[in-house]
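Listing of final_23.cif; format and content: mmCIF, C-alpha atoms.
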```cif
data_my_file
loop_
_atom_site.group_PDB
_atom_site.id
_atom_site.type_symbol
_atom_site.label_atom_id
_atom_site.label_comp_id
_atom_site.auth_asym_id
_atom_site.auth_seq_id
_atom_site.Cartn_x
_atom_site.Cartn_y
_atom_site.Cartn_z
ATOM 1 C CA MET A 39 30.819 237.565 5.595
ATOM 2 C CA PRO A 40 32.375 239.528 2.731
ATOM 3 C CA LEU A 41 36.008 240.584 2.554
ATOM 4 C CA LEU A 42 35.955 244.146 1.187
ATOM 5 C CA HIS A 43 38.617 246.620 0.048
ATOM 6 C CA TYR A 44 38.877 250.015 1.742
ATOM 7 C CA LEU A 45 40.858 253.222 1.291
ATOM 8 C CA CYS A 46 41.425 255.695 4.097
ATOM 9 C CA SER A 47 40.990 259.264 2.856
ATOM 10 C CA ASN A 48 43.016 260.550 5.818
ATOM 11 C CA CYS A 49 46.263 258.551 5.431
ATOM 12 C CA ASN A 50 45.665 256.855 2.011
ATOM 13 C CA TYR A 51 46.139 253.394 3.519
ATOM 14 C CA GLU A 52 44.536 250.605 1.455
ATOM 15 C CA PHE A 53 43.384 247.513 3.320
ATOM 16 C CA GLU A 54 40.915 244.629 3.333
ATOM 17 C CA GLU A 55 38.370 244.084 6.083
ATOM 18 C CA LEU A 56 36.081 241.154 6.840
ATOM 19 C CA VAL A 57 32.678 242.702 7.592
ATOM 20 C CA GLN A 58 29.294 241.360 8.671
ATOM 21 C CA GLU A 59 27.392 243.570 6.196
ATOM 22 C CA HIS A 60 28.546 245.600 3.187
ATOM 23 C CA THR A 61 26.991 248.732 4.744
ATOM 24 C CA GLN A 62 29.067 248.469 7.932
ATOM 25 C CA GLU A 63 31.282 251.488 8.735
ATOM 26 C CA VAL A 64 34.984 250.573 8.890
ATOM 27 C CA LEU A 65 37.805 252.432 10.633
ATOM 28 C CA CYS A 66 41.348 252.549 9.287
ATOM 29 C CA PRO A 67 43.655 250.231 11.275
ATOM 30 C CA LYS A 68 46.507 252.794 11.045
ATOM 31 C CA CYS A 69 44.860 256.122 11.948
ATOM 32 C CA SER A 70 41.408 255.049 13.251
ATOM 33 C CA GLN A 71 39.539 257.353 10.841
ATOM 34 C CA LEU A 72 36.424 256.336 8.925
ATOM 35 C CA SER A 73 37.401 254.712 5.609
ATOM 36 C CA GLN A 74 35.578 254.447 2.295
ATOM 37 C CA ARG A 75 34.960 251.240 0.387
ATOM 38 C CA LYS A 76 37.141 250.973 -2.690
ATOM 39 C CA TRP A 77 35.183 249.772 -5.727
ATOM 40 C CA SER A 78 37.734 247.991 -7.875
ATOM 41 C CA GLY A 79 38.609 244.614 -9.230
ATOM 42 C CA ALA A 80 36.463 241.842 -10.635
ATOM 43 C CA VAL A 81 33.075 241.067 -9.129
ATOM 44 C CA TYR A 82 32.102 237.462 -8.430
ATOM 45 C CA SER A 83 28.816 235.922 -7.420
ATOM 46 C CA SER A 84 28.366 233.858 -4.265
ATOM 47 C CA THR A 85 28.962 230.739 -6.379
ATOM 48 C CA GLY A 86 32.463 231.936 -7.280
ATOM 49 C CA LYS A 87 31.595 232.426 -10.946
ATOM 50 C CA LYS A 88 32.195 235.793 -12.539
ATOM 51 C CA SER A 89 28.964 237.790 -12.786
ATOM 52 C CA LYS A 90 28.148 239.372 -16.149
ATOM 53 C CA LYS A 91 25.661 242.041 -15.018
ATOM 54 C CA CYS A 92 26.698 242.873 -11.453
ATOM 55 C CA ASN A 93 27.993 246.378 -10.769
ATOM 56 C CA GLY A 94 29.492 245.433 -7.379
ATOM 57 C CA LYS A 95 27.084 247.597 -5.394
ATOM 58 C CA CYS A 96 24.971 244.984 -3.663
ATOM 59 C CA SER A 97 22.609 247.554 -2.166
ATOM 60 C CA THR A 98 21.250 248.323 -5.664
ATOM 61 C CA CYS A 99 20.194 244.775 -6.501
ATOM 62 C CA SER A 100 18.921 241.587 -4.903
ATOM 63 C CA GLY A 101 22.343 239.921 -5.085
ATOM 64 C CA CYS A 102 24.299 237.977 -7.638
#
```
The structure given in the file should be rewritten as structure tokens.
Amino acid sequence: MPLLHYLCSNCNYEFEELVQEHTQEVLCPKCSQLSQRKWSGAVYSSTGKKSKKCNGKCSTCSGC
């Protein structure tokens, strides 16, 4: 299960959430509004090694 970064567009709260799938909708823990995934930081493969070609959007590829 991936730990992903989110940003609430309603209250600007940034948080991390452990999700079952990267497409799962996540609600802000402060205001309960739907939050957007924040695409930032380094991307690593499932082996823990930094990926050279991954854009971080797993839905566009077959995985790292």
Practice task
Measure the distance from atom CA of A:Lys76 to atom CA of A:Thr61 in Å and round it to one decimal.
Solution key: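 Interatomic distance here is 12.8 Å.
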Practice task
Would you mind reading off the distance between atom CA of A:Trp77 and atom CA of A:Leu65, one decimal, in Å?
Solution key: 16.8 Å
Residues near stretch 53-60 of chain A, anyone? I mean within 6 Å using all atoms listed in the file, not counting same-chain ones fewer than 5 positions away, as a CSV table (one decimal) with C-alpha atoms, keeping the file's coordinate frame.
```
chain,number,residue,atom,x,y,z
A,39,MET,CA,30.8,237.6,5.6
A,40,PRO,CA,32.4,239.5,2.7
A,41,LEU,CA,36.0,240.6,2.6
A,42,LEU,CA,36.0,244.1,1.2
A,43,HIS,CA,38.6,246.6,0.0
A,44,TYR,CA,38.9,250.0,1.7
```
Problem - Explicit residues for the PyMOL selection byres ((chain A and resi 69) around 9) (as a ChimeraX atom specification) - result: /A:46,48-49,51,65-68,70-72
Each side padded by 6 Å, which centre and which edge lengths in Å (one decimal) define the axis-aligned box around the listed atoms of stretch 61-74 of chain A? Give them as AutoDock Vina command-line options.
```
--center_x 36.7 --center_y 252.9 --center_z 7.8 --size_x 31.5 --size_y 20.9 --size_z 23.0
```
